[in-house]
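This is entry-v4.csv. It holds CSV, C-alpha atoms.
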chain,number,residue,atom,x,y,z
A,816,MET,CA,130.7,123.0,123.4
A,817,VAL,CA,132.4,126.2,124.2
A,818,LYS,CA,131.2,128.6,126.9
A,819,GLU,CA,132.9,132.0,127.2
A,820,ILE,CA,132.9,135.2,129.2
A,821,LYS,CA,134.8,138.1,127.7
A,822,THR,CA,135.3,141.6,129.0
A,823,ASP,CA,137.9,144.4,128.5
A,824,ASP,CA,139.9,143.0,131.4
A,825,TYR,CA,139.7,139.3,131.1
A,826,ARG,CA,138.5,136.3,129.1
A,827,ILE,CA,137.6,132.9,130.4
A,828,TRP,CA,136.2,130.0,128.4
A,829,TYR,CA,135.5,126.3,128.8
A,830,ASP,CA,136.0,124.0,125.9
A,831,SER,CA,134.4,120.6,126.6
A,832,THR,CA,136.0,118.9,123.6
A,833,ILE,CA,139.4,119.3,125.3
A,834,GLU,CA,138.0,119.5,128.8
A,835,THR,CA,139.9,122.7,129.5
A,836,VAL,CA,139.1,126.0,131.2
A,837,THR,CA,141.4,128.8,130.0
A,838,CYS,CA,141.7,132.1,131.9
A,839,GLN,CA,143.4,135.2,130.4
A,840,GLY,CA,144.0,138.8,131.4
A,841,SER,CA,143.3,140.2,134.8
A,842,PHE,CA,140.8,138.9,137.4
A,843,ARG,CA,140.4,141.9,139.7
A,844,LEU,CA,136.7,141.9,140.3
A,845,THR,CA,134.8,143.4,143.3
A,846,GLY,CA,134.2,140.6,145.7
A,847,MET,CA,132.3,137.4,145.2
A,848,GLN,CA,129.2,139.0,143.8
A,849,GLU,CA,131.0,140.2,140.7
A,850,TYR,CA,132.8,136.9,140.3
A,851,ALA,CA,129.4,135.0,140.2
A,852,PRO,CA,129.3,134.5,136.4
A,853,ILE,CA,132.9,133.1,136.5
A,854,VAL,CA,132.0,130.8,139.4
A,855,GLU,CA,129.0,129.6,137.4
A,856,LEU,CA,131.1,128.8,134.4
A,857,LEU,CA,133.6,126.9,136.6
A,858,ASN,CA,130.9,125.0,138.3
A,859,GLU,CA,129.5,123.9,135.0
A,860,ALA,CA,132.9,122.8,133.8
A,861,ALA,CA,133.6,121.0,137.1
A,862,THR,CA,130.4,118.9,137.0
A,863,GLN,CA,130.8,117.6,133.5
A,864,GLU,CA,131.0,113.8,133.2
A,865,SER,CA,134.7,113.4,132.5
A,866,LEU,CA,137.5,112.0,134.5
A,867,GLN,CA,140.0,114.8,133.7
A,868,ILE,CA,139.9,118.6,133.5
A,869,THR,CA,142.6,121.2,132.8
A,870,LEU,CA,142.8,124.7,134.2
A,871,ASP,CA,145.1,126.8,132.0
A,872,VAL,CA,146.1,130.1,133.6
A,873,ARG,CA,149.3,130.7,131.7
A,874,ASP,CA,148.0,134.0,130.4
A,875,LEU,CA,146.3,135.1,133.6
A,876,GLU,CA,148.5,138.1,134.4
A,877,PHE,CA,146.8,139.2,137.6
A,878,LEU,CA,144.5,137.7,140.2
A,879,ASN,CA,143.2,139.4,143.4
A,880,SER,CA,142.5,137.5,146.6
A,881,SER,CA,138.8,137.1,145.7
A,882,GLY,CA,140.0,135.5,142.5
A,883,ILE,CA,142.2,133.1,144.4
A,884,ASN,CA,139.1,132.2,146.4
A,885,VAL,CA,137.3,131.4,143.2
A,886,LEU,CA,140.0,129.1,141.8
A,887,SER,CA,140.3,127.4,145.2
A,888,LYS,CA,136.6,126.7,145.3
A,889,PHE,CA,136.9,125.2,141.8
A,890,VAL,CA,139.6,122.8,142.9
A,891,ILE,CA,137.7,121.9,146.1
A,892,ASN,CA,134.7,121.2,143.9
A,893,ILE,CA,136.8,118.8,141.7
A,894,ARG,CA,138.3,117.2,144.8
A,895,GLN,CA,134.9,116.5,146.3
A,896,GLN,CA,133.9,114.5,143.2
A,897,LYS,CA,136.6,112.0,144.1
A,898,THR,CA,136.8,110.4,140.7
A,899,LYS,CA,138.0,113.4,138.7
A,900,GLN,CA,141.6,114.6,138.2
A,901,ILE,CA,142.8,118.1,137.5
A,902,THR,CA,145.9,119.5,135.8
A,903,VAL,CA,146.7,123.2,136.4
A,904,ARG,CA,149.0,124.8,133.7
A,905,GLY,CA,150.8,127.9,134.9
A,906,SER,CA,153.7,130.2,133.8
A,907,ASP,CA,157.0,130.8,135.5
A,908,ASP,CA,157.0,134.2,133.8
A,909,ILE,CA,154.1,135.5,135.9
A,910,PRO,CA,155.4,135.9,139.5
A,911,TRP,CA,152.0,135.6,141.4
A,912,GLN,CA,151.6,132.1,139.9
A,913,GLU,CA,154.9,130.9,141.3
A,914,LYS,CA,153.8,132.2,144.8
A,915,SER,CA,150.2,131.2,144.9
A,916,LEU,CA,149.4,128.3,142.6
A,917,ARG,CA,151.1,125.7,144.8
A,918,ASN,CA,148.4,126.4,147.4
A,919,LEU,CA,145.9,124.7,145.0
A,920,GLN,CA,148.0,121.6,145.3
A,921,ARG,CA,147.8,121.7,149.0
A,922,LEU,CA,144.0,121.7,148.8
A,923,MET,CA,144.2,118.7,146.5
A,924,PRO,CA,147.5,116.8,146.7
A,925,SER,CA,146.8,114.7,143.5
A,926,LEU,CA,146.5,118.0,141.5
A,927,GLN,CA,149.1,118.1,138.7
A,928,LEU,CA,150.8,121.5,138.5
A,929,GLU,CA,152.6,122.1,135.3
A,930,MET,CA,154.7,125.3,135.2
A,931,GLU,CA,156.4,126.3,132.0
B,296,MET,CA,142.7,155.2,172.7
B,297,THR,CA,145.4,153.4,170.7
B,298,GLN,CA,145.7,149.7,170.2
B,299,ILE,CA,148.4,147.8,168.3
B,300,PHE,CA,148.3,144.4,166.7
B,301,GLY,CA,151.0,142.4,164.9
B,302,ASP,CA,154.3,143.8,163.6
B,303,PHE,CA,153.7,147.6,163.7
B,304,ILE,CA,156.6,150.1,163.9
B,305,GLU,CA,155.3,153.2,165.7
B,306,GLU,CA,158.2,155.5,164.9
B,307,LEU,CA,158.7,154.6,161.2
B,308,PRO,CA,160.6,157.6,159.9
B,309,VAL,CA,158.9,159.1,156.8
B,310,LYS,CA,161.5,159.3,154.2
B,311,PRO,CA,161.6,162.4,152.0
B,312,GLU,CA,161.2,160.1,149.0
B,313,HIS,CA,157.9,158.3,149.1
B,314,LEU,CA,154.7,157.8,147.1
B,315,THR,CA,151.3,158.6,148.6
B,316,ILE,CA,147.8,158.2,147.1
B,317,GLN,CA,145.0,159.9,149.0
B,318,PHE,CA,141.3,160.0,148.2
B,319,PHE,CA,137.9,160.2,149.8
B,320,PRO,CA,136.1,156.8,149.6
B,321,SER,CA,132.7,158.5,149.5
B,322,SER,CA,133.3,160.6,146.4
B,323,VAL,CA,132.5,158.0,143.6
B,324,SER,CA,130.8,154.7,143.4
B,325,LEU,CA,132.5,151.6,144.6
B,326,LYS,CA,132.6,150.0,141.1
B,327,GLN,CA,134.3,153.0,139.6
B,328,ARG,CA,136.8,153.2,142.4
B,329,TRP,CA,137.5,149.5,142.0
B,330,ARG,CA,139.0,150.2,138.6
B,331,ASN,CA,141.1,153.0,140.1
B,332,ASN,CA,142.5,150.6,142.7
B,333,GLY,CA,144.0,148.5,139.9
B,334,LEU,CA,145.3,151.5,138.1
B,335,SER,CA,146.8,153.0,141.3
B,336,ALA,CA,148.3,149.7,142.3
B,337,ASP,CA,149.8,149.2,138.8
B,338,PHE,CA,151.2,152.8,138.8
B,339,MET,CA,152.9,152.3,142.2
B,340,ALA,CA,154.3,149.0,141.0
B,341,ASP,CA,155.7,150.5,137.8
B,342,TYR,CA,157.2,153.4,139.7
B,343,PHE,CA,158.9,151.1,142.3
B,344,ALA,CA,160.1,148.6,139.7
B,345,THR,CA,162.2,151.3,138.1
B,346,PHE,CA,164.4,151.2,141.2
B,347,PHE,CA,165.4,147.7,140.2
B,348,PRO,CA,166.6,148.1,136.7
B,349,GLY,CA,167.8,145.0,134.8
B,350,ASP,CA,171.0,144.5,133.0
B,351,GLU,CA,170.7,146.7,130.0
B,352,ASN,CA,172.9,144.4,127.9
B,353,SER,CA,170.7,141.4,128.6
B,354,THR,CA,167.9,140.5,126.3
B,355,HIS,CA,166.2,138.5,129.0
B,356,LYS,CA,163.5,140.1,131.2
B,357,ASN,CA,164.8,141.0,134.7
B,358,PRO,CA,163.1,138.5,137.0
B,359,LYS,CA,163.7,140.6,140.1
B,360,GLN,CA,162.1,143.6,138.5
B,361,ALA,CA,159.1,141.6,137.3
B,362,GLU,CA,158.7,140.0,140.7
B,363,ILE,CA,158.8,143.4,142.5
B,364,LYS,CA,156.3,144.9,140.1
B,365,SER,CA,153.9,142.0,140.6
B,366,THR,CA,154.3,141.9,144.3
B,367,VAL,CA,153.8,145.7,144.8
B,368,SER,CA,150.8,145.6,142.5
B,369,TYR,CA,149.2,142.7,144.4
B,370,ILE,CA,149.7,144.1,147.9
B,371,ALA,CA,148.8,147.7,147.0
B,372,ASN,CA,145.6,146.5,145.2
B,373,GLU,CA,144.6,144.3,148.2
B,374,LEU,CA,145.2,147.2,150.7
B,375,LEU,CA,143.2,149.6,148.6
B,376,GLU,CA,140.4,147.1,148.1
B,377,ASN,CA,140.2,146.5,151.9
B,378,ALA,CA,140.3,150.3,152.6
B,379,MET,CA,137.4,150.8,150.2
B,380,LYS,CA,135.3,147.9,151.4
B,381,PHE,CA,135.7,148.5,155.1
B,382,SER,CA,135.9,152.3,155.5
B,383,ASP,CA,133.3,154.2,157.5
B,384,GLU,CA,131.9,156.3,154.7
B,385,THR,CA,130.0,158.5,157.1
B,386,ALA,CA,133.2,159.7,158.6
B,387,LEU,CA,134.3,161.8,155.6
B,388,ALA,CA,138.0,160.9,156.2
B,389,PRO,CA,140.4,160.1,153.4
B,390,VAL,CA,142.0,156.8,152.6
B,391,THR,CA,145.8,157.1,152.1
B,392,LEU,CA,148.3,154.6,150.9
B,393,THR,CA,152.0,155.4,151.2
B,394,LEU,CA,154.9,153.4,149.8
B,395,GLN,CA,158.5,153.9,150.8
B,396,MET,CA,161.6,152.0,150.3
B,397,GLN,CA,164.3,151.4,152.9
B,398,GLN,CA,167.6,149.6,152.1
B,399,ASN,CA,166.2,146.1,151.8
B,400,LYS,CA,162.5,146.5,152.2
B,401,ILE,CA,159.4,148.2,151.0
B,402,THR,CA,156.8,149.5,153.5
B,403,PHE,CA,153.2,150.0,152.6
B,404,THR,CA,151.1,152.1,155.0
B,405,THR,CA,147.3,152.5,154.6
B,406,THR,CA,145.1,154.6,156.8
B,407,ASN,CA,141.3,154.4,156.7
B,408,THR,CA,138.4,154.7,159.0
B,409,VAL,CA,136.5,151.7,160.4
B,410,PRO,CA,132.8,151.8,161.4
B,411,PRO,CA,132.9,151.6,165.3
B,412,GLU,CA,130.4,148.7,165.3
B,413,ASN,CA,132.8,146.6,163.1
B,414,VAL,CA,135.9,147.1,165.3
B,415,ASP,CA,135.4,144.1,167.6
B,416,ASP,CA,135.0,141.6,164.8
B,417,PHE,CA,137.9,143.0,162.9
B,418,GLN,CA,140.2,142.9,166.0
B,419,SER,CA,139.1,139.2,166.7
B,420,PHE,CA,140.1,138.4,163.1
B,421,LEU,CA,143.5,140.1,163.6
B,422,ILE,CA,144.1,138.2,166.9
B,423,ALA,CA,143.5,134.9,165.0
B,424,LEU,CA,145.7,136.1,162.2
B,425,THR,CA,148.6,137.1,164.4
B,426,THR,CA,148.5,134.1,166.8
B,427,SER,CA,148.0,131.3,164.3
B,428,ASP,CA,150.2,129.6,161.8
B,429,PRO,CA,149.3,131.7,158.6
B,430,ASN,CA,149.8,128.6,156.5
B,431,GLU,CA,147.2,126.6,158.4
B,432,LEU,CA,144.8,129.5,158.7
B,433,TYR,CA,145.0,130.1,155.0
B,434,LEU,CA,144.0,126.6,154.1
B,435,HIS,CA,141.4,126.6,156.8
B,436,GLN,CA,139.9,129.8,155.3
B,437,LEU,CA,139.9,128.4,151.8
B,438,GLU,CA,138.0,125.3,153.0
B,439,LYS,CA,135.6,127.5,154.9
B,440,ASN,CA,135.0,129.8,152.0
B,441,ALA,CA,134.1,126.8,149.8
B,442,VAL,CA,131.1,126.3,152.0
B,443,ASP,CA,130.3,130.0,152.7
B,444,ASP,CA,132.1,133.1,151.6
B,445,SER,CA,129.2,135.5,151.9
B,446,MET,CA,131.2,137.6,154.3
B,447,GLY,CA,134.1,138.2,151.9
B,448,SER,CA,137.0,135.9,151.2
B,449,GLY,CA,139.2,137.1,154.1
B,450,LEU,CA,142.2,136.1,152.0
B,451,GLY,CA,143.9,139.4,151.2
B,452,LEU,CA,145.9,139.7,154.4
B,453,LEU,CA,146.5,135.9,154.6
B,454,THR,CA,147.9,135.8,151.1
B,455,MET,CA,150.3,138.7,151.9
B,456,MET,CA,151.6,136.8,154.9
B,457,ASN,CA,151.5,133.3,153.4
B,458,ASP,CA,152.5,133.8,149.8
B,459,TYR,CA,154.6,137.0,150.0
B,460,LEU,CA,156.0,136.5,153.5
B,461,ALA,CA,155.0,140.0,154.5
B,462,LYS,CA,155.0,141.2,158.1
B,463,ILE,CA,151.8,143.1,158.9
B,464,GLY,CA,150.7,145.3,161.8
B,465,TRP,CA,147.7,147.5,162.7
B,466,LYS,CA,147.2,150.5,164.8
B,467,PHE,CA,143.7,151.6,165.9
B,468,GLN,CA,143.2,155.2,167.0
B,469,THR,CA,140.0,157.0,168.1
B,470,THR,CA,140.4,160.3,166.4
B,471,GLN,CA,137.0,161.8,167.3
B,472,ILE,CA,134.6,161.1,170.1
B,473,GLN,CA,131.3,162.5,169.1
B,474,PRO,CA,130.4,161.0,166.7
B,475,GLU,CA,133.0,158.3,167.2
B,476,VAL,CA,135.6,158.0,164.4
B,477,ILE,CA,138.2,155.2,164.5
B,478,MET,CA,141.2,155.2,162.2
B,479,VAL,CA,143.2,152.0,161.4
B,480,THR,CA,146.7,152.2,160.0
B,481,THR,CA,147.8,149.0,158.3
B,482,MET,CA,151.5,148.5,157.9
B,483,VAL,CA,152.9,145.9,155.5
B,484,GLN,CA,156.6,145.3,155.4
B,485,LEU,CA,158.1,143.3,152.6
B,486,VAL,CA,161.8,142.3,152.7
B,487,LEU,CA,163.3,142.2,149.2
Exercise: express the given structure as structure tokens:
Amino acid sequence: MVKEIKTDDYRIWYDSTIETVTCQGSFRLTGMQEYAPIVELLNEAATQESLQITLDVRDLEFLNSSGINVLSKFVINIRQQKTKQITVRGSDDIPWQEKSLRNLQRLMPSLQLEME
Amino acid sequence: MTQIFGDFIEELPVKPEHLTIQFFPSSVSLKQRWRNNGLSADFMADYFATFFPGDENSTHKNPKQAEIKSTVSYIANELLENAMKFSDETALAPVTLTLQMQQNKITFTTTNTVPPENVDDFQSFLIALTTSDPNELYLHQLEKNAVDDSMGSGLGLLTMMNDYLAKIGWKFQTTQIQPEVIMVTTMVQLVL
């Protein structure tokens, strides 16, 4: 199953066959209300019956603070399930990722952060 | 009445070379303006990044230039978003964002109005922000938002302090008594 949201600014999709959520482009939406469809997709991915999930943001060029909130909520959701592990794949070429992604690990110390 | 919070330089000399964007928050709808925030922030970022040219002989991307561009874009966008969200639209006063570069730092200065009835809550938040460990407050805010973020994420200023090590200060001024108009100037200093 693949669920996708695509706009001129960003694309996000969840592929259940590889248990991966991929985000691309620029998340610069107006507050939590506009992020609601993305939150819904992430909630659906988080609650699947699997032991592992990957969040791939290697092509997410920009994220505003509301977007940071959205990704943090996703990680907290995974953490609260206790049995599920998460890997976050980021890129060293995108400066915000180097600065902000480590905070996700602080929310969930067992989170695997793979920067490339 | 003037009140200062955090790291605010009262007598910041305005350099002849600076970049200012000014607009009236009430003139177009929020959604349309939101797109302009991103465009304005990216423009400012591109403009300032040219002051940090890479080695022309190198085929690699200049990491410093990329970092400055990303940082200016992030901070300018957050400041514009905040100015839009929290301005007093009835006051008919403009929002301005000025960027200037000193030897080893970039200073962002935003001015916007605040509805008088929101000032107390805003100042309480600023007191918490300037008297707590930003690291702990940031994590605390993320956990809190996971339960309820209906009041906005509250993360813009915290990420600037925590992830970008920015120094931030605020100045509140009553610029008109009847009806009351309160302006807030937010100053973000970023050491390069």
When you count all atoms listed in the file, which of these residues is closest to B:Glu438: B:Gln317, B:Leu450, B:Ser368, B:Gln360? B:Leu450
Nearest residue to B:Trp329 from the set B:Phe303, B:Leu314, B:Asn372, B:Lys364 (distances using only C-alpha atoms):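 When distances to B:Trp329 are compared using only C-alpha atoms, the smallest one comes from B:Asn372.
With all atoms listed in the file as the atoms that count, the residue of B:Pro429, B:Gly333, B:Pro389, B:Pro410 with the shortest distance to chain A is B:Gly333.
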Residue hits in chain A, query chain B, radius 10 Å, all atoms listed in the file, as a ChimeraX atom specification: /A:841,843-849,876-885,887-892,907-911,913-919,921-922
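Checking B:Gln398, B:Thr404, B:Gln327, B:Ser427 one by one against B:Glu305, counting only C-alpha atoms, you find the shortest gap at B:Thr404.
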Which value, in Å to one decimal, gives the distance between atom CA of B:Thr385 and atom CA of B:Gln468?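 Those two atoms sit 16.8 Å apart.
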Residue nearest B:Pro411 among B:Ala344, B:Val309, B:Val390, B:Ile472 (counting only C-alpha atoms): B:Ile472
When you count all atoms listed in the file, which of these residues is closest to B:Phe417: B:Val476, B:Trp465, B:Leu485, B:Leu432?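 Looking only at the distances to B:Phe417, the closest residue turns out to be B:Trp465.
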So what do you get for atom CA of A:Tyr850 versus atom CA of B:Thr391, distance-wise?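 That distance, rounded to one decimal, is 26.8 Å.
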Skipping near chain neighbours, those fewer than 6 positions away, what residues fall within 10 Å of B:Gln298 using only C-alpha atoms, listed as a VMD selection string? chain B and resid 418 465 to 469 479
Can you work out the spacing between atom CA of B:Asp302 and atom CA of B:Asn407 in Å, to one decimal? 18.1 Å
Can you put N, CA and C atoms back into stretch 898-916 of chain A and show it as a short mmCIF file (atom, residue, chain, number, x, y, z; two decimals), keeping the file's coordinate frame?
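What ended up in selection.cif:
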data_model
loop_
_atom_site.label_atom_id
_atom_site.label_comp_id
_atom_site.auth_asym_id
_atom_site.auth_seq_id
_atom_site.Cartn_x
_atom_site.Cartn_y
_atom_site.Cartn_z
N THR A 898 136.36 111.19 141.81
CA THR A 898 136.80 110.40 140.70
C THR A 898 137.54 111.25 139.62
N LYS A 899 137.50 112.56 139.77
CA LYS A 899 138.00 113.40 138.70
C LYS A 899 139.43 113.93 139.04
N GLN A 900 140.27 114.02 138.00
CA GLN A 900 141.60 114.60 138.20
C GLN A 900 141.73 115.94 137.54
N ILE A 901 142.61 116.75 138.07
CA ILE A 901 142.80 118.10 137.50
C ILE A 901 144.26 118.38 137.27
N THR A 902 144.51 119.04 136.13
CA THR A 902 145.90 119.50 135.80
C THR A 902 145.76 121.06 135.77
N VAL A 903 146.68 121.76 136.44
CA VAL A 903 146.70 123.20 136.40
C VAL A 903 147.99 123.60 135.60
N ARG A 904 147.81 124.37 134.54
CA ARG A 904 149.00 124.80 133.70
C ARG A 904 149.25 126.28 134.03
N GLY A 905 150.47 126.56 134.52
CA GLY A 905 150.80 127.90 134.90
C GLY A 905 152.11 128.36 134.16
N SER A 906 152.49 129.61 134.42
CA SER A 906 153.70 130.20 133.80
C SER A 906 154.68 130.67 134.79
N ASP A 907 155.93 130.29 134.62
CA ASP A 907 157.00 130.80 135.50
C ASP A 907 157.25 132.29 135.26
N ASP A 908 156.78 132.81 134.13
CA ASP A 908 157.00 134.20 133.80
C ASP A 908 156.10 135.18 134.57
N ILE A 909 155.07 134.62 135.20
CA ILE A 909 154.10 135.50 135.90
C ILE A 909 154.30 135.22 137.42
N PRO A 910 154.93 136.21 138.13
CA PRO A 910 155.40 135.90 139.50
C PRO A 910 154.29 135.48 140.47
N TRP A 911 153.05 135.99 140.38
CA TRP A 911 152.00 135.60 141.40
C TRP A 911 151.79 134.06 141.25
N GLN A 912 151.94 133.52 140.07
CA GLN A 912 151.60 132.10 139.90
C GLN A 912 152.61 131.21 140.63
N GLU A 913 153.86 131.64 140.61
CA GLU A 913 154.90 130.90 141.30
C GLU A 913 154.60 130.89 142.83
N LYS A 914 154.08 132.03 143.32
CA LYS A 914 153.80 132.20 144.80
C LYS A 914 152.56 131.48 145.20
N SER A 915 151.52 131.59 144.41
CA SER A 915 150.20 131.20 144.90
C SER A 915 149.61 129.90 144.34
N LEU A 916 150.08 129.45 143.18
CA LEU A 916 149.40 128.30 142.60
C LEU A 916 149.68 126.99 143.39
#
